[in-house]
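*Asks:* Below are the structure tokens for one structure; questions will follow.
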Amino acid sequence: MKKVLVAGGGGFIGGWLVKELLTKGYKVSAVDIKPVSEWHQISPEATNSSRDLSLLDNCTESTLGVDEVYNLAADMGGMGFIENNKAACMLTVLINTHLLMASKVNKISKYFFASSACVYNADKQNKTLVQPLKEEDSYPAMPEDGYGWEKLFSERMCRHLYEDYGLETRVARYHNIYGPNGTWEGGREKAPAALCRKVAESKLSGAKSINVWGDGEQTRSFTYIKDCIEGTLKLMDSDIREPLNIGSSEMISINELTRIIEQIARVKLDRIHDLSAPKGVRGRNSDNTKILQLLNWQPRVSLKEGLKETYQWIEQEVADVIKASWADCASCCEIFLVTTS
């Protein structure tokens, strides 16, 4: 039975990956810095533990007896978090550094690193109708400050660990992964989840408007979580050592993304554009030519399909929060009436 470590197993992508690896019959160890009770998904069949993987000793212990490592651990979030927490994002380099060192010592057979489209040169993303980003567009280097630099540096570490020590490494550049069981509130959520939450809150509360960051004309492509997991496993099982895009090529503006979510929710809302909010690059899209040629793979889930699943899950989460707040309010009122009667 293959033994696999998923670093960041308590996160959004990590939780989905753990579930899929278990269906393949692997023995999975999931590790995350968060307490297990706070994980996005918990698979009881896996060995789940809370551990700080920025520390070398913890990485050495976690990789002992393991065949493969999937490193998805990172201190990150949506653009609001990335732009305001550059140092925290950069410090994630300790996780990849120490996991690579431990994997070398413990003779791991294969190592996966989850990189990001934030590694790409900003000059190629300064207009809405951008050319899709090819893997070669990461150089000359001008990545997203903080988070993008950490990812690009960690990619190079993977490359050199193979060149110098023979550690087989695989690198995926994820493009805006979204779906159910992810972060949808608290400041770390990405655009699809944030907009789904805002629309759901307005719908359930009877509000007539939502706040949208920027003018809404900025463009992106968004990749459904199931496609992300499928592409990740396809890459891990291959002999491709160079970084590959794992992302949808279905580019869309934020305004159009909002309109699709409104259609799914069956509401029509006024939009208040916050031009001072973090916006990231003007446009970004994935060029899937290389992964299609090398692995005969590309995403299959359309944006509308994925958003429908995502919105329905987030609306239920929002509804549960509202119900809980009403229950708390009713309990307080009952206590007040008893104590004052």
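Simple scheme: letters A, B, ... for chains in structure tokens order, numbers from 1 for residues in each chain, numbers from 1 for ligands in the order shown.
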Can you check which residues of stretch 62-203 of chain A DSSP gives as strand (DSSP E or B) on the backbone and send them as a list of chain:residue names?
*Replies:*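 Across stretch 62-203 of chain A, those assigned strand (DSSP E or B) are A:Glu68, A:Val69, A:Tyr70, A:Asn71, A:Lys110, A:Tyr111, A:Phe112, A:Phe113, A:Ala114, A:Ser115, A:Ser116, A:Leu133, A:Thr169, A:Arg170, A:Val171, A:Ala172, A:Arg173, A:Tyr174, A:Ile177, A:Tyr178.
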*Asks:* Please build the interface table for stretch 91-149 of chain A against stretch 240-243 of chain A with a cut-off of 12 Å, listing for each qualifying residue the nearest atom pair and the distance in Å to one decimal; count only C-alpha atoms, order rows by chain and increasing number, and write it as JSON lines.
*Replies:*
{"residue": "A:Lys110", "atom": "CA", "partner": "A:Arg241", "partner_atom": "CA", "distance": 10.5}
{"residue": "A:Tyr111", "atom": "CA", "partner": "A:Arg241", "partner_atom": "CA", "distance": 10.2}
{"residue": "A:Phe112", "atom": "CA", "partner": "A:Arg241", "partner_atom": "CA", "distance": 9.9}
{"residue": "A:Phe113", "atom": "CA", "partner": "A:Pro243", "partner_atom": "CA", "distance": 9.4}
{"residue": "A:Ala114", "atom": "CA", "partner": "A:Pro243", "partner_atom": "CA", "distance": 9.7}
{"residue": "A:Ser115", "atom": "CA", "partner": "A:Pro243", "partner_atom": "CA", "distance": 8.4}
{"residue": "A:Ser116", "atom": "CA", "partner": "A:Pro243", "partner_atom": "CA", "distance": 10.0}
{"residue": "A:Ala117", "atom": "CA", "partner": "A:Pro243", "partner_atom": "CA", "distance": 10.7}
{"residue": "A:Val119", "atom": "CA", "partner": "A:Pro243", "partner_atom": "CA", "distance": 10.9}
{"residue": "A:Tyr120", "atom": "CA", "partner": "A:Pro243", "partner_atom": "CA", "distance": 11.9}
{"residue": "A:Lys134", "atom": "CA", "partner": "A:Pro243", "partner_atom": "CA", "distance": 10.4}
{"residue": "A:Glu135", "atom": "CA", "partner": "A:Pro243", "partner_atom": "CA", "distance": 7.0}
{"residue": "A:Glu136", "atom": "CA", "partner": "A:Pro243", "partner_atom": "CA", "distance": 9.4}
{"residue": "A:Asp137", "atom": "CA", "partner": "A:Pro243", "partner_atom": "CA", "distance": 11.5}
{"residue": "A:Ser138", "atom": "CA", "partner": "A:Pro243", "partner_atom": "CA", "distance": 10.2}
*Asks:* Got a sec: who's within 10 Å of A:Ala207, counting only C-alpha atoms, leaving out chain neighbours fewer than 6 positions off, as a list in words?
*Replies:*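 Skipping anything fewer than 6 positions along the chain leaves Val199, Ala200, Glu201, Leu269 and Asp270 of chain A.
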*Asks:* Can you tell me which residues surround stretch 305-315 of chain A at a distance of at most 6 Å, considering only C-alpha atoms, apart from same-chain residues fewer than 3 positions away, and format the answer as a PyMOL selection string?
*Replies:* chain A and resi 179-180+196+200+224+302+318
*Asks:* So that I have them on file, write out the residues from the current selection with N, CA, C and O atoms, as an mmCIF file, in the first residue's frame.
*Replies:*
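Dumped to again.cif:
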data_model
loop_
_atom_site.group_PDB
_atom_site.id
_atom_site.type_symbol
_atom_site.label_atom_id
_atom_site.label_comp_id
_atom_site.auth_asym_id
_atom_site.auth_seq_id
_atom_site.Cartn_x
_atom_site.Cartn_y
_atom_site.Cartn_z
ATOM 1 N N GLY A 179 -14.627 25.993 -5.326
ATOM 2 C CA GLY A 179 -15.572 24.899 -5.185
ATOM 3 C C GLY A 179 -16.110 24.798 -3.779
ATOM 4 O O GLY A 179 -15.742 25.594 -2.896
ATOM 5 N N PRO A 180 -16.977 23.824 -3.510
ATOM 6 C CA PRO A 180 -17.526 23.632 -2.168
ATOM 7 C C PRO A 180 -16.451 23.223 -1.164
ATOM 8 O O PRO A 180 -15.377 22.752 -1.537
ATOM 9 N N CYS A 196 -20.119 34.609 -4.123
ATOM 10 C CA CYS A 196 -21.226 33.708 -3.760
ATOM 11 C C CYS A 196 -21.765 34.063 -2.381
ATOM 12 O O CYS A 196 -22.987 34.097 -2.165
ATOM 13 N N ALA A 200 -25.500 35.508 -1.621
ATOM 14 C CA ALA A 200 -26.352 34.734 -0.702
ATOM 15 C C ALA A 200 -26.811 35.584 0.480
ATOM 16 O O ALA A 200 -27.983 35.531 0.887
ATOM 17 N N TYR A 224 -12.427 24.560 -11.349
ATOM 18 C CA TYR A 224 -13.224 23.819 -10.364
ATOM 19 C C TYR A 224 -12.356 22.800 -9.643
ATOM 20 O O TYR A 224 -11.460 22.180 -10.244
ATOM 21 N N SER A 302 -17.433 23.123 -16.678
ATOM 22 C CA SER A 302 -17.639 24.510 -17.098
ATOM 23 C C SER A 302 -17.792 25.403 -15.867
ATOM 24 O O SER A 302 -18.133 24.939 -14.772
ATOM 25 N N VAL A 318 -24.335 30.073 4.647
ATOM 26 C CA VAL A 318 -24.808 31.384 5.094
ATOM 27 C C VAL A 318 -26.131 31.245 5.837
ATOM 28 O O VAL A 318 -26.338 31.865 6.890
#
*Asks:* When you look at A:Gly65 with a cut-off of 8 Å (counting only C-alpha atoms), what residues show up, excluding the ones that are within fewer than 2 positions of it in the same chain? I need them as a PyMOL selection string.
*Replies:* chain A and resi 3+63+67+106
*Asks:* What does the file look like for those residues with N, CA, C and O atoms, as a short mmCIF file (atom, residue, chain, number, x, y, z; two decimals), in the first residue's frame?
*Replies:*
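again.cif written:
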data_model
loop_
_atom_site.label_atom_id
_atom_site.label_comp_id
_atom_site.auth_asym_id
_atom_site.auth_seq_id
_atom_site.Cartn_x
_atom_site.Cartn_y
_atom_site.Cartn_z
N LYS A 3 2.19 4.82 0.72
CA LYS A 3 2.01 5.75 1.83
C LYS A 3 2.26 7.17 1.35
O LYS A 3 3.31 7.46 0.77
N THR A 63 7.61 12.85 7.21
CA THR A 63 7.95 12.16 5.97
C THR A 63 8.58 10.79 6.19
O THR A 63 8.85 10.07 5.23
N ASP A 67 6.08 7.30 0.99
CA ASP A 67 6.52 7.11 -0.40
C ASP A 67 6.46 8.41 -1.20
O ASP A 67 7.38 8.72 -1.95
N ASN A 106 14.83 11.23 3.91
CA ASN A 106 14.00 10.03 4.09
C ASN A 106 13.72 9.29 2.78
O ASN A 106 12.89 8.38 2.74
#
*Asks:* Hey, which of A:Met101, A:Cys228, A:Cys59, A:Val6 ends up closest to A:Asn71? Count only C-alpha atoms.
*Replies:*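 Closest to A:Asn71, using only C-alpha atoms: A:Val6.
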*Asks:* Excluding same-chain residues fewer than 5 positions from A:Gln298, what lies within 12 Å of it counting only C-alpha atoms, as a VMD selection string?
*Replies:* chain A and resid 223 to 224 226 to 232 234 to 235 244 to 250 286 to 293
*Asks:* Using only N, CA and C atoms, please write the residues we just selected to a file, as a tab-separated table (two decimals), in the first residue's frame.
*Replies:*
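File result-v6.tsv, as written:
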chain	number	residue	atom	x	y	z
A	223	THR	N	-10.87	27.61	-11.86
A	223	THR	CA	-10.76	26.16	-12.06
A	223	THR	C	-11.50	25.42	-10.96
A	224	TYR	N	-12.43	24.56	-11.35
A	224	TYR	CA	-13.22	23.82	-10.36
A	224	TYR	C	-12.36	22.80	-9.64
A	226	LYS	N	-12.64	19.76	-8.59
A	226	LYS	CA	-12.52	18.38	-9.06
A	226	LYS	C	-11.57	18.28	-10.25
A	227	ASP	N	-11.60	19.30	-11.11
A	227	ASP	CA	-10.63	19.34	-12.20
A	227	ASP	C	-9.22	19.50	-11.66
A	228	CYS	N	-9.08	20.35	-10.65
A	228	CYS	CA	-7.76	20.57	-10.04
A	228	CYS	C	-7.18	19.27	-9.49
A	229	ILE	N	-7.98	18.50	-8.79
A	229	ILE	CA	-7.51	17.24	-8.21
A	229	ILE	C	-7.15	16.25	-9.31
A	230	GLU	N	-7.98	16.15	-10.33
A	230	GLU	CA	-7.71	15.24	-11.44
A	230	GLU	C	-6.41	15.60	-12.14
A	231	GLY	N	-6.22	16.90	-12.42
A	231	GLY	CA	-5.00	17.34	-13.07
A	231	GLY	C	-3.77	17.12	-12.22
A	232	THR	N	-3.91	17.32	-10.92
A	232	THR	CA	-2.80	17.12	-9.99
A	232	THR	C	-2.33	15.67	-10.00
A	234	LYS	N	-2.86	13.45	-12.31
A	234	LYS	CA	-2.35	13.15	-13.64
A	234	LYS	C	-0.88	13.57	-13.75
A	235	LEU	N	-0.58	14.78	-13.25
A	235	LEU	CA	0.79	15.27	-13.28
A	235	LEU	C	1.70	14.46	-12.37
A	244	LEU	N	3.78	22.92	-14.82
A	244	LEU	CA	2.68	22.93	-15.78
A	244	LEU	C	1.49	23.68	-15.21
A	245	ASN	N	0.79	24.41	-16.09
A	245	ASN	CA	-0.46	25.06	-15.68
A	245	ASN	C	-1.52	24.01	-15.40
A	246	ILE	N	-2.22	24.17	-14.28
A	246	ILE	CA	-3.46	23.44	-14.04
A	246	ILE	C	-4.52	24.50	-13.81
A	247	GLY	N	-5.25	24.79	-14.87
A	247	GLY	CA	-6.22	25.87	-14.80
A	247	GLY	C	-7.16	25.85	-15.98
A	248	SER	N	-8.29	26.49	-15.81
A	248	SER	CA	-9.25	26.63	-16.90
A	248	SER	C	-8.79	27.74	-17.84
A	249	SER	N	-9.14	27.62	-19.11
A	249	SER	CA	-8.85	28.67	-20.08
A	249	SER	C	-10.10	29.48	-20.40
A	250	GLU	N	-11.15	29.31	-19.57
A	250	GLU	CA	-12.43	30.01	-19.76
A	250	GLU	C	-12.36	31.36	-19.05
A	286	SER	N	-5.20	31.02	-18.35
A	286	SER	CA	-4.28	29.88	-18.45
A	286	SER	C	-4.18	29.38	-19.89
A	287	ASP	N	-2.96	29.20	-20.36
A	287	ASP	CA	-2.71	28.54	-21.64
A	287	ASP	C	-2.47	27.06	-21.35
A	288	ASN	N	-3.35	26.20	-21.85
A	288	ASN	CA	-3.29	24.77	-21.55
A	288	ASN	C	-2.66	23.94	-22.65
A	289	THR	N	-1.97	24.60	-23.57
A	289	THR	CA	-1.37	23.89	-24.70
A	289	THR	C	-0.41	22.80	-24.24
A	290	LYS	N	0.45	23.14	-23.30
A	290	LYS	CA	1.51	22.21	-22.92
A	290	LYS	C	0.95	20.98	-22.17
A	291	ILE	N	0.04	21.20	-21.21
A	291	ILE	CA	-0.49	20.05	-20.45
A	291	ILE	C	-1.34	19.17	-21.36
A	292	LEU	N	-1.99	19.77	-22.36
A	292	LEU	CA	-2.78	18.97	-23.31
A	292	LEU	C	-1.86	18.12	-24.17
A	293	GLN	N	-0.73	18.70	-24.58
A	293	GLN	CA	0.22	17.96	-25.40
A	293	GLN	C	0.91	16.85	-24.62
*Asks:* Near A:Cys118, counting only C-alpha atoms, which residues have an atom at most 6 Å away, once you skip same-chain residues fewer than 5 positions from it, shown as a list in words?
*Replies:*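 Once the nearby chain positions are removed, what remains is Pro143, Glu144 and Gly148 of chain A.
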*Asks:* Now that the selection is made, can you save its residues with all heavy atoms as a PDB file, in the first residue's frame?
*Replies:*
ATOM      1  N   PRO A 143       6.974  38.336 -10.555  1.00  0.00           N
ATOM      2  CA  PRO A 143       5.758  37.733 -10.016  1.00  0.00           C
ATOM      3  C   PRO A 143       5.027  38.656  -9.044  1.00  0.00           C
ATOM      4  O   PRO A 143       5.498  39.748  -8.738  1.00  0.00           O
ATOM      5  CB  PRO A 143       6.293  36.496  -9.288  1.00  0.00           C
ATOM      6  CG  PRO A 143       7.653  36.908  -8.837  1.00  0.00           C
ATOM      7  CD  PRO A 143       8.181  37.807  -9.922  1.00  0.00           C
ATOM      8  N   GLU A 144       3.879  38.189  -8.542  1.00  0.00           N
ATOM      9  CA  GLU A 144       3.147  38.889  -7.486  1.00  0.00           C
ATOM     10  C   GLU A 144       4.077  39.068  -6.294  1.00  0.00           C
ATOM     11  O   GLU A 144       4.724  38.112  -5.859  1.00  0.00           O
ATOM     12  CB  GLU A 144       1.917  38.074  -7.078  1.00  0.00           C
ATOM     13  CG  GLU A 144       1.057  38.695  -6.009  1.00  0.00           C
ATOM     14  CD  GLU A 144       0.174  39.799  -6.551  1.00  0.00           C
ATOM     15  OE1 GLU A 144      -0.283  39.691  -7.708  1.00  0.00           O
ATOM     16  OE2 GLU A 144      -0.058  40.774  -5.804  1.00  0.00           O
ATOM     17  N   GLY A 148       3.862  35.506  -4.818  1.00  0.00           N
ATOM     18  CA  GLY A 148       4.370  35.009  -6.096  1.00  0.00           C
ATOM     19  C   GLY A 148       5.860  34.716  -6.069  1.00  0.00           C
ATOM     20  O   GLY A 148       6.325  33.723  -6.646  1.00  0.00           O
TER      21      GLY A 148
END
*Asks:* DSSP on the backbone, helix (DSSP H, G or I) only: what residues of stretch 175-259 of chain A does that give? Format it as a VMD selection string.
*Replies:* chain A and resid 191 to 205 225 to 236 254 to 259
*Asks:* Give me, please, the distance in Å between atom CA of A:Lys208 and atom CA of A:Gly283, quoted to one decimal.
*Replies:*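 Distance between the two atoms: 28.5 Å.
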*Asks:* Please identify every residue of stretch 129-225 of chain A that has at least one atom no farther than 10 Å from an atom of stretch 14-35 of chain A, counting only C-alpha atoms, and for each give the shortest atom pair and the distance in Å to one decimal, arranged by chain then increasing number, as JSON lines.
*Replies:*
{"residue": "A:Pro180", "atom": "CA", "partner": "A:Trp16", "partner_atom": "CA", "distance": 9.7}
{"residue": "A:Asn181", "atom": "CA", "partner": "A:Gly15", "partner_atom": "CA", "distance": 8.5}
{"residue": "A:Gly182", "atom": "CA", "partner": "A:Gly15", "partner_atom": "CA", "distance": 9.2}
{"residue": "A:Ile225", "atom": "CA", "partner": "A:Trp16", "partner_atom": "CA", "distance": 7.7}
*Asks:* Could you dump the residues just selected with N, CA, C and O atoms as a CSV table (one decimal), in the first residue's frame?
*Replies:*
chain,number,residue,atom,x,y,z
A,180,PRO,N,-17.0,23.8,-3.5
A,180,PRO,CA,-17.5,23.6,-2.2
A,180,PRO,C,-16.5,23.2,-1.2
A,180,PRO,O,-15.4,22.8,-1.5
A,181,ASN,N,-16.8,23.4,0.1
A,181,ASN,CA,-15.9,23.0,1.2
A,181,ASN,C,-14.6,23.8,1.2
A,181,ASN,O,-13.5,23.3,1.7
A,182,GLY,N,-14.7,25.1,0.8
A,182,GLY,CA,-13.5,26.0,0.8
A,182,GLY,C,-13.8,27.1,1.8
A,182,GLY,O,-14.8,27.3,2.4
A,225,ILE,N,-12.6,22.6,-8.4
A,225,ILE,CA,-11.8,21.8,-7.5
A,225,ILE,C,-11.6,20.3,-8.0
A,225,ILE,O,-10.5,19.8,-8.0
